[in-house]
There are 2 protein chains.
Amino acid sequence: MDQQVGKGSLCYAEAPFILSCASVVGTRESEGPLGDAFDMVTEDDKFGQDNWEAAESSLQKDALTLAIGKSGYTAKDIRYLFAGDLLGQDIASSFGLKNFEIPLFGIYGACSTCGEGLSLASIAVAGGFADRVASVTSSHFASAEKQFRFPLQYANQRPCCATWTVTGSGAFILGNKDAVKKQKGSPLAQITGITTGKIVDFGIKDSMNMGAAMAPAACNTIVRNLQDFNRNPNYYDRIVTGDLGKVGQEILIKLVGEQGYDISGLHEDCGIRIFDNEKQGTGSGGSGCGCAATTLAAYYLPRIQSGELKRILFVPTGALLSPVSFNEGQSVPGIAHGVVIEHCDEGEA
Amino acid sequence: MDQQVGKGSLCYAEAPFILSCASVVGTRESEGPLGDAFDMVTEDDKFGQDNWEAAESSLQKDALTLAIGKSGYTAKDIRYLFAGDLLGQDIASSFGLKNFEIPLFGIYGACSTCGEGLSLASIAVAGGFADRVASVTSSHFASAEKQFRFPLQYANQRPCCATWTVTGSGAFILGNKDAVKKQKGSPLAQITGITTGKIVDFGIKDSMNMGAAMAPAACNTIVRNLQDFNRNPNYYDRIVTGDLGKVGQEILIKLVGEQGYDISGLHEDCGIRIFDNEKQGTGSGGSGCGCAATTLAAYYLPRIQSGELKRILFVPTGALLSPVSFNEGQSVPGIAHGVVIEHCDEGEA
């Protein structure tokens with residue numbers, strides 16, 4: 001069976017399973033609508049560390065430790081690790097994960113990194129190159145502000161269209177049929193296919209309006225997914241983007257509509273779900289690698305496991321800018337990685 | 001046949017081919033020992049761009065364009081792109097490659113990124129997930145100095161153990177048997193296996209001595225490769241690291257020796273080969289994602305294609321630091337990705 005579908009999608013002959021997952025978040029996330037659903041929350045956004053970058057590393061370490069533990073396996077059973085974050089040179093991952101001693105593929109897709117990690121991890125398992133792999137991503141409000149915007153001490157005002165970087169990390173353990181047999185508990189879901197993102201640049205130059213910069217990339221990936229698999233949008237129970245926020249959501253629904261698909265009743269966004277923007281003052285919504293990852297782990301996967309949702313198209317979205325490219329007057333190109341996540345019946349595993 | 005070998009290696013049942021490659025470099029590289037072997041050299045290290053980052057993007061664009069052209073295919077025939085660089089948020093890749101419209105996996109492994117890209121690209125082809133893929137990486141002396149060290153205008157002195165970041169980009173087109181049949185010319189080589197790197201941290205804190213920081217990671221990957229495949233070092237005609245330089249080479253040979261393997265007669269380093277350090281004042285040797293990539297493309301692959309070298313273990317080496325982690329007093333962990341590259345007989349394709 002040819003697993004290559006259309007121009008940039010894969011349909012797995014043997015769909016990998018998500019064996020377990022874990023989410024670790026900061027204080028603001030714990031006070032939001034999903035507060036009770038996360039595996040671990042903190043009262044100290046520095047997680048006992050000396051600086052914000054080390055705090056973010058600590059998030060990744062905790063998330064991966066929890067996810068491995070929940071699968072019933074140990075770090076030695078994990079063949080490859082796919083990990084990334086928003087910081088220059090992926091340092092949250094490098095320093096957070098070094099003690100696991102698992103062969104590592106460092107990845108970067110800005111806030112879409114969670115989708116990229118799940119894509120590559122599922123490729124490794126589906127191709128027979130690993131029985132069990134892990135994917136972990138993170139973001140931290142304070143390390144991201146320092147990296148991309150202003151020092152926190154500067155207390156700058158933020159436009160309403162700005163998003164709020166989630167302090168959080170989500171980790172996922174993927175495995176094949178054999179891995180399911182020996183795991184603790186039941187698998188959460190299966191990844192049945194992917195649609196890999198292209199860089200899409202509409203020339204947006206406002207780094208405070210990421211939703212607008214990323215919506216065209218999300219549209220590109222969603223439409224290619226529907227075309228490659230020859231599906232209608234309502235094949236999915238939900239189409240879930242990563243962190244477009246309210247501003248980006250409006251643009252996305254309009255852009256996808258122009259391509260002939262109505263996703264207005266199906267579309268949700270992790271950035272809108274994770275915060276109560278009115279009450280929490282989080283602008284257009286949450287963002288960051290940690291936003292899509294923790295919302296998938298805490299909110300969507302339990303509903304897919306229970307069968308409340310049969311299948312979703314999960315589309316984390318990323319803005320491919322750096323402080324240097326922004327200061328040099330470059331635009332903010334976007335990318336979005338699509339992952340088809342489906343309910344698995346007990347019998348399938 | 002089980003393709004999973006040992007603890008972190010893969011041995012492909014159907015080894016992907018390197019269909020073509022290309023190298024583009026700056027002035028200093030063109031004046032070095034490999035000057036005549038590169039596909040494209042420049043007299044202007046800014047490559048006609050306004051800034052160093054855009055110059056590096058231009059390198060990637062040219063290298064990928066050339067490599068695709070040499071394969072006889074077009075950008076539309078390339079299913080996935082694996083790309084990365086040393087800059088924060090991988091901007092050299094994002095801006096350099098956006099016009100190709102090829103689905104992109106952004107990767108980060110510091111100067112080992114070329115090995116990581118070839119590894120993931122070979123996984124995609126060997127698993128039947130793509131008929132043709134591309135891997136491209138780059139570095140630029142001036143953008144790297146600005147990112148990691150000092151502005152060029154500051155004209156700082158450099159210790160002898162420091163390496164010199166290569167201005168260059170190397171691109172590789174990989175494909176399966178069918179892709180070989182329709183390619184222009186003959187394939188250059190086959191990737192028969194990989195050994196994926198772990199993060200290894202010996203606590204080195206001197207960002208001017210990358211060779212020492214990366215040698216333990218290279219040792220870890222080389223020794224695991226030999227153990228996983230149950231091979232002696234002389235199974236390989238050469239064991240080629242990325243950018244350890246003279247200082248790192250000494251440490252590597254000693255460390256691998258302590259593990260019971262003598263690689264003193266086999267070891268070469270792209271960073272030592274690409275410059276004439278004495279004449280060119282390049283310290284311990286060349287470094288950067290572009291160092292291993294351009295040296296593989298310009299020097300090693302032609303020799304593997306001709307059969308002068310039957311097989312090499314190619315081990316690009318990376319130092320996982322950022323300016324932030326360095327300024328916060330963190331150590332410099334290393335990582336090294338091993339790729340087994342072999343001569344292919346005409347009949348095999």
# chains A, B, ... in the order shown; residues from 1 in each chain; ligands from 1

$ closest_atom_pairs --of "chain A" --to "chain B" --cutoff "6 Å" --atoms "only C-alpha atoms" --output "tab-separated table"
residue	atom	partner	partner_atom	distance
A:Gln4	CA	B:Phe129	CA	5.8
A:Gly88	CA	B:Gly88	CA	4.0
A:Gln89	CA	B:Gly88	CA	5.6
A:Lys98	CA	B:Ile199	CA	5.3
A:Glu101	CA	B:Lys198	CA	5.9
A:Ile102	CA	B:Lys198	CA	5.9
A:Pro103	CA	B:Lys198	CA	4.4
A:Leu104	CA	B:Lys198	CA	5.7
A:Gly106	CA	B:Tyr108	CA	5.0
A:Ile107	CA	B:Ile107	CA	4.1
A:Tyr108	CA	B:Gly106	CA	5.0
A:Gly109	CA	B:Gly106	CA	5.7
A:Gly127	CA	B:Gly127	CA	4.6
A:Phe129	CA	B:Gln4	CA	5.8
A:Thr196	CA	B:Pro103	CA	5.5
A:Gly197	CA	B:Pro103	CA	5.1
A:Lys198	CA	B:Pro103	CA	4.4
A:Ile199	CA	B:Lys98	CA	5.3
A:Ser322	CA	B:Gln89	CA	5.6

$ select_by_dssp --residues "region 73-202 of chain A" --states "strand (DSSP E or B)" --output "PyMOL selection string"
chain A and resi 80-85+104-107+109+111+132-139+164-165+168-175+189-195+200

$ write_last_selection --atoms "N, CA, C and O atoms" --output "compact mmCIF listing (two decimals), in the first residue's frame"
# COMPACT_ATOMS: atom_id res chain seq x y z
N TYR A 80 14.05 6.96 20.35
CA TYR A 80 14.40 8.30 19.87
C TYR A 80 13.52 9.35 20.51
O TYR A 80 12.37 9.09 20.87
N LEU A 81 14.07 10.53 20.59
CA LEU A 81 13.40 11.67 21.19
C LEU A 81 13.37 12.78 20.13
O LEU A 81 14.37 13.07 19.50
N PHE A 82 12.18 13.37 19.93
CA PHE A 82 12.04 14.51 19.02
C PHE A 82 11.63 15.69 19.89
O PHE A 82 10.56 15.65 20.52
N ALA A 83 12.46 16.72 19.94
CA ALA A 83 12.19 17.79 20.91
C ALA A 83 12.60 19.14 20.37
O ALA A 83 13.55 19.27 19.60
N GLY A 84 11.86 20.16 20.80
CA GLY A 84 12.21 21.52 20.42
C GLY A 84 11.45 22.53 21.24
O GLY A 84 10.55 22.20 22.01
N ASP A 85 11.84 23.79 21.07
CA ASP A 85 11.21 24.88 21.82
C ASP A 85 11.39 26.15 21.02
O ASP A 85 11.84 26.12 19.87
N LEU A 104 18.68 11.92 20.32
CA LEU A 104 17.81 13.10 20.15
C LEU A 104 17.85 13.67 18.74
O LEU A 104 18.92 13.89 18.18
N PHE A 105 16.67 13.94 18.19
CA PHE A 105 16.56 14.76 17.00
C PHE A 105 16.00 16.11 17.42
O PHE A 105 14.82 16.22 17.79
N GLY A 106 16.82 17.15 17.39
CA GLY A 106 16.36 18.49 17.74
C GLY A 106 15.57 19.07 16.58
O GLY A 106 15.98 18.95 15.43
N ILE A 107 14.42 19.67 16.86
CA ILE A 107 13.57 20.19 15.78
C ILE A 107 13.19 21.64 16.07
O ILE A 107 13.23 22.09 17.22
N GLY A 109 10.10 24.37 14.70
CA GLY A 109 8.99 24.80 13.84
C GLY A 109 8.22 25.90 14.53
O GLY A 109 7.01 26.02 14.34
N CYS A 111 5.96 27.72 17.01
CA CYS A 111 4.86 27.16 17.82
C CYS A 111 4.22 25.94 17.17
O CYS A 111 3.34 25.32 17.76
N ARG A 132 9.23 2.42 20.27
CA ARG A 132 8.71 3.48 21.14
C ARG A 132 9.56 4.73 20.98
O ARG A 132 10.80 4.65 21.00
N VAL A 133 8.92 5.87 20.82
CA VAL A 133 9.63 7.15 20.72
C VAL A 133 8.88 8.18 21.56
O VAL A 133 7.74 7.94 21.98
N ALA A 134 9.52 9.31 21.79
CA ALA A 134 8.87 10.38 22.54
C ALA A 134 8.99 11.69 21.79
O ALA A 134 9.95 11.92 21.05
N SER A 135 7.99 12.54 21.96
CA SER A 135 8.04 13.89 21.41
C SER A 135 7.71 14.86 22.53
O SER A 135 6.73 14.67 23.25
N VAL A 136 8.54 15.88 22.69
CA VAL A 136 8.30 16.84 23.77
C VAL A 136 8.62 18.25 23.29
O VAL A 136 9.58 18.46 22.55
N THR A 137 7.76 19.19 23.65
CA THR A 137 7.98 20.60 23.29
C THR A 137 7.56 21.47 24.46
O THR A 137 6.81 21.04 25.33
N SER A 138 8.03 22.72 24.45
CA SER A 138 7.71 23.60 25.57
C SER A 138 7.75 25.05 25.14
O SER A 138 8.31 25.41 24.09
N SER A 139 7.16 25.89 25.96
CA SER A 139 7.37 27.33 25.87
C SER A 139 7.21 27.89 27.28
O SER A 139 6.65 27.23 28.16
N TRP A 164 -0.60 35.40 24.23
CA TRP A 164 0.11 35.26 25.49
C TRP A 164 0.80 33.91 25.50
O TRP A 164 0.14 32.87 25.44
N THR A 165 2.14 33.91 25.56
CA THR A 165 2.87 32.65 25.48
C THR A 165 2.55 31.76 26.67
O THR A 165 2.68 32.19 27.83
N GLY A 168 4.36 26.10 29.60
CA GLY A 168 3.94 24.71 29.69
C GLY A 168 4.73 23.81 28.76
O GLY A 168 5.39 24.26 27.83
N SER A 169 4.69 22.53 29.06
CA SER A 169 5.34 21.53 28.21
C SER A 169 4.43 20.32 28.10
O SER A 169 3.83 19.89 29.09
N GLY A 170 4.34 19.78 26.90
CA GLY A 170 3.58 18.56 26.68
C GLY A 170 4.49 17.49 26.10
O GLY A 170 5.30 17.79 25.23
N ALA A 171 4.36 16.27 26.63
CA ALA A 171 5.18 15.16 26.13
C ALA A 171 4.27 14.01 25.73
O ALA A 171 3.23 13.79 26.35
N PHE A 172 4.68 13.29 24.69
CA PHE A 172 3.87 12.21 24.13
C PHE A 172 4.76 11.00 23.87
O PHE A 172 5.84 11.15 23.29
N ILE A 173 4.30 9.83 24.29
CA ILE A 173 5.02 8.60 23.98
C ILE A 173 4.25 7.88 22.89
O ILE A 173 3.05 7.61 23.05
N LEU A 174 4.93 7.60 21.78
CA LEU A 174 4.29 6.88 20.68
C LEU A 174 4.88 5.49 20.58
O LEU A 174 6.05 5.28 20.94
N GLY A 175 4.08 4.56 20.09
CA GLY A 175 4.60 3.21 19.95
C GLY A 175 3.80 2.40 18.95
O GLY A 175 2.75 2.84 18.48
N ALA A 189 -4.82 7.13 21.62
CA ALA A 189 -5.30 7.42 20.27
C ALA A 189 -4.31 6.87 19.26
O ALA A 189 -3.27 6.32 19.65
N GLN A 190 -4.65 7.02 17.98
CA GLN A 190 -3.72 6.65 16.92
C GLN A 190 -3.48 7.84 16.01
O GLN A 190 -4.39 8.65 15.78
N ILE A 191 -2.26 7.93 15.50
CA ILE A 191 -1.95 8.93 14.47
C ILE A 191 -2.05 8.20 13.13
O ILE A 191 -1.22 7.36 12.82
N THR A 192 -3.09 8.52 12.37
CA THR A 192 -3.32 7.76 11.15
C THR A 192 -2.71 8.42 9.92
O THR A 192 -2.59 7.78 8.88
N GLY A 193 -2.35 9.68 10.04
CA GLY A 193 -1.74 10.36 8.90
C GLY A 193 -1.22 11.73 9.28
O GLY A 193 -1.50 12.23 10.37
N ILE A 194 -0.47 12.32 8.37
CA ILE A 194 0.04 13.68 8.60
C ILE A 194 -0.01 14.47 7.29
O ILE A 194 -0.04 13.89 6.21
N THR A 195 -0.03 15.78 7.44
CA THR A 195 0.16 16.69 6.29
C THR A 195 1.21 17.71 6.72
O THR A 195 0.98 18.51 7.63
N VAL A 200 4.59 29.64 4.47
CA VAL A 200 3.67 30.52 3.76
C VAL A 200 3.88 31.94 4.27
O VAL A 200 3.84 32.19 5.49

$ residues_around --residues "Thr241 (chain A)" --least-positions-apart "6" --cutoff "10 Å" --atoms "only C-alpha atoms" --output "list of chain:residue names"
A:Ser112, A:Ala215, A:Ala218, A:Cys219, A:Ile222, A:Gly248, A:Gln249, A:Leu252, A:His267, A:Glu268, A:Asp269, A:Cys270, A:Gly271, A:Ile272, A:Ala292, A:Leu313, A:Phe314, A:Val315, A:Pro316, A:Thr317, A:Ala336, A:His337, A:Gly338

$ write_last_selection --atoms "N, CA and C atoms" --output "PDB file, in the first residue's frame"
ATOM      1  N   SER A 112       4.636  25.579  15.947  1.00  0.00           N
ATOM      2  CA  SER A 112       4.107  24.367  15.318  1.00  0.00           C
ATOM      3  C   SER A 112       4.935  23.141  15.688  1.00  0.00           C
ATOM      4  N   ALA A 215      -2.260  32.369  10.150  1.00  0.00           N
ATOM      5  CA  ALA A 215      -3.511  31.851   9.578  1.00  0.00           C
ATOM      6  C   ALA A 215      -3.349  31.357   8.134  1.00  0.00           C
ATOM      7  N   ALA A 218      -1.884  27.907   8.238  1.00  0.00           N
ATOM      8  CA  ALA A 218      -2.869  26.923   8.711  1.00  0.00           C
ATOM      9  C   ALA A 218      -3.847  26.595   7.599  1.00  0.00           C
ATOM     10  N   CYS A 219      -4.287  27.619   6.884  1.00  0.00           N
ATOM     11  CA  CYS A 219      -5.207  27.410   5.758  1.00  0.00           C
ATOM     12  C   CYS A 219      -4.573  26.492   4.725  1.00  0.00           C
ATOM     13  N   ILE A 222      -4.500  22.859   6.085  1.00  0.00           N
ATOM     14  CA  ILE A 222      -5.836  22.262   6.205  1.00  0.00           C
ATOM     15  C   ILE A 222      -6.395  21.921   4.821  1.00  0.00           C
ATOM     16  N   GLY A 248      -6.683  35.363  14.640  1.00  0.00           N
ATOM     17  CA  GLY A 248      -6.281  34.417  13.601  1.00  0.00           C
ATOM     18  C   GLY A 248      -7.418  33.494  13.188  1.00  0.00           C
ATOM     19  N   GLN A 249      -8.274  33.135  14.151  1.00  0.00           N
ATOM     20  CA  GLN A 249      -9.396  32.235  13.849  1.00  0.00           C
ATOM     21  C   GLN A 249     -10.314  32.832  12.774  1.00  0.00           C
ATOM     22  N   LEU A 252      -8.585  32.671   9.459  1.00  0.00           N
ATOM     23  CA  LEU A 252      -8.498  31.294   8.958  1.00  0.00           C
ATOM     24  C   LEU A 252      -9.815  30.840   8.341  1.00  0.00           C
ATOM     25  N   HIS A 267     -14.075  24.424  13.688  1.00  0.00           N
ATOM     26  CA  HIS A 267     -12.766  24.917  14.076  1.00  0.00           C
ATOM     27  C   HIS A 267     -12.674  25.280  15.555  1.00  0.00           C
ATOM     28  N   GLU A 268     -11.615  24.816  16.190  1.00  0.00           N
ATOM     29  CA  GLU A 268     -11.280  25.250  17.547  1.00  0.00           C
ATOM     30  C   GLU A 268      -9.804  25.597  17.554  1.00  0.00           C
ATOM     31  N   ASP A 269      -9.395  26.321  18.571  1.00  0.00           N
ATOM     32  CA  ASP A 269      -8.000  26.753  18.658  1.00  0.00           C
ATOM     33  C   ASP A 269      -7.522  26.565  20.093  1.00  0.00           C
ATOM     34  N   CYS A 270      -6.390  25.900  20.241  1.00  0.00           N
ATOM     35  CA  CYS A 270      -5.861  25.643  21.592  1.00  0.00           C
ATOM     36  C   CYS A 270      -5.625  26.951  22.332  1.00  0.00           C
ATOM     37  N   GLY A 271      -5.193  27.983  21.604  1.00  0.00           N
ATOM     38  CA  GLY A 271      -4.933  29.274  22.233  1.00  0.00           C
ATOM     39  C   GLY A 271      -6.184  29.931  22.790  1.00  0.00           C
ATOM     40  N   ILE A 272      -7.329  29.644  22.173  1.00  0.00           N
ATOM     41  CA  ILE A 272      -8.589  30.190  22.686  1.00  0.00           C
ATOM     42  C   ILE A 272      -9.075  29.355  23.860  1.00  0.00           C
ATOM     43  N   ALA A 292      -0.269  24.350  22.190  1.00  0.00           N
ATOM     44  CA  ALA A 292      -0.892  23.230  21.487  1.00  0.00           C
ATOM     45  C   ALA A 292      -0.592  21.911  22.194  1.00  0.00           C
ATOM     46  N   LEU A 313      -8.358  16.803  13.228  1.00  0.00           N
ATOM     47  CA  LEU A 313      -7.170  17.244  12.495  1.00  0.00           C
ATOM     48  C   LEU A 313      -6.507  18.295  13.375  1.00  0.00           C
ATOM     49  N   PHE A 314      -5.334  17.936  13.890  1.00  0.00           N
ATOM     50  CA  PHE A 314      -4.611  18.778  14.837  1.00  0.00           C
ATOM     51  C   PHE A 314      -3.546  19.547  14.049  1.00  0.00           C
ATOM     52  N   VAL A 315      -3.590  20.870  14.108  1.00  0.00           N
ATOM     53  CA  VAL A 315      -2.744  21.693  13.224  1.00  0.00           C
ATOM     54  C   VAL A 315      -2.012  22.784  14.011  1.00  0.00           C
ATOM     55  N   PRO A 316      -0.964  22.431  14.746  1.00  0.00           N
ATOM     56  CA  PRO A 316      -0.184  23.470  15.431  1.00  0.00           C
ATOM     57  C   PRO A 316       0.419  24.447  14.420  1.00  0.00           C
ATOM     58  N   THR A 317       0.428  25.700  14.788  1.00  0.00           N
ATOM     59  CA  THR A 317       0.807  26.778  13.877  1.00  0.00           C
ATOM     60  C   THR A 317       2.039  27.512  14.407  1.00  0.00           C
ATOM     61  N   ALA A 336       2.520  25.381   9.412  1.00  0.00           N
ATOM     62  CA  ALA A 336       1.573  24.623  10.234  1.00  0.00           C
ATOM     63  C   ALA A 336       1.665  23.156   9.860  1.00  0.00           C
ATOM     64  N   HIS A 337       1.800  22.295  10.868  1.00  0.00           N
ATOM     65  CA  HIS A 337       1.946  20.860  10.631  1.00  0.00           C
ATOM     66  C   HIS A 337       0.678  20.129  11.038  1.00  0.00           C
ATOM     67  N   GLY A 338       0.056  19.442  10.091  1.00  0.00           N
ATOM     68  CA  GLY A 338      -1.205  18.749  10.359  1.00  0.00           C
ATOM     69  C   GLY A 338      -1.000  17.292  10.776  1.00  0.00           C
TER      70      GLY A 338
END

$ atom_distance --atom1 "CA of Gly245 (chain B)" --atom2 "CA of Ala298 (chain B)"
18.4 Å

$ atom_distance --atom1 "CA of Ala37 (chain A)" --atom2 "CA of Arg303 (chain A)"
11.7 Å

$ closest_residue --among "B:Lys70, B:Lys61, B:His343, B:Lys146" --to "Cys21 (chain B)" --atoms "only C-alpha atoms"
B:Lys70

$ select_by_dssp --residues "region 59-113 of chain B" --states "helix (DSSP H, G or I)" --output "PyMOL selection string"
chain B and resi 59-71+75-77+88-100+113
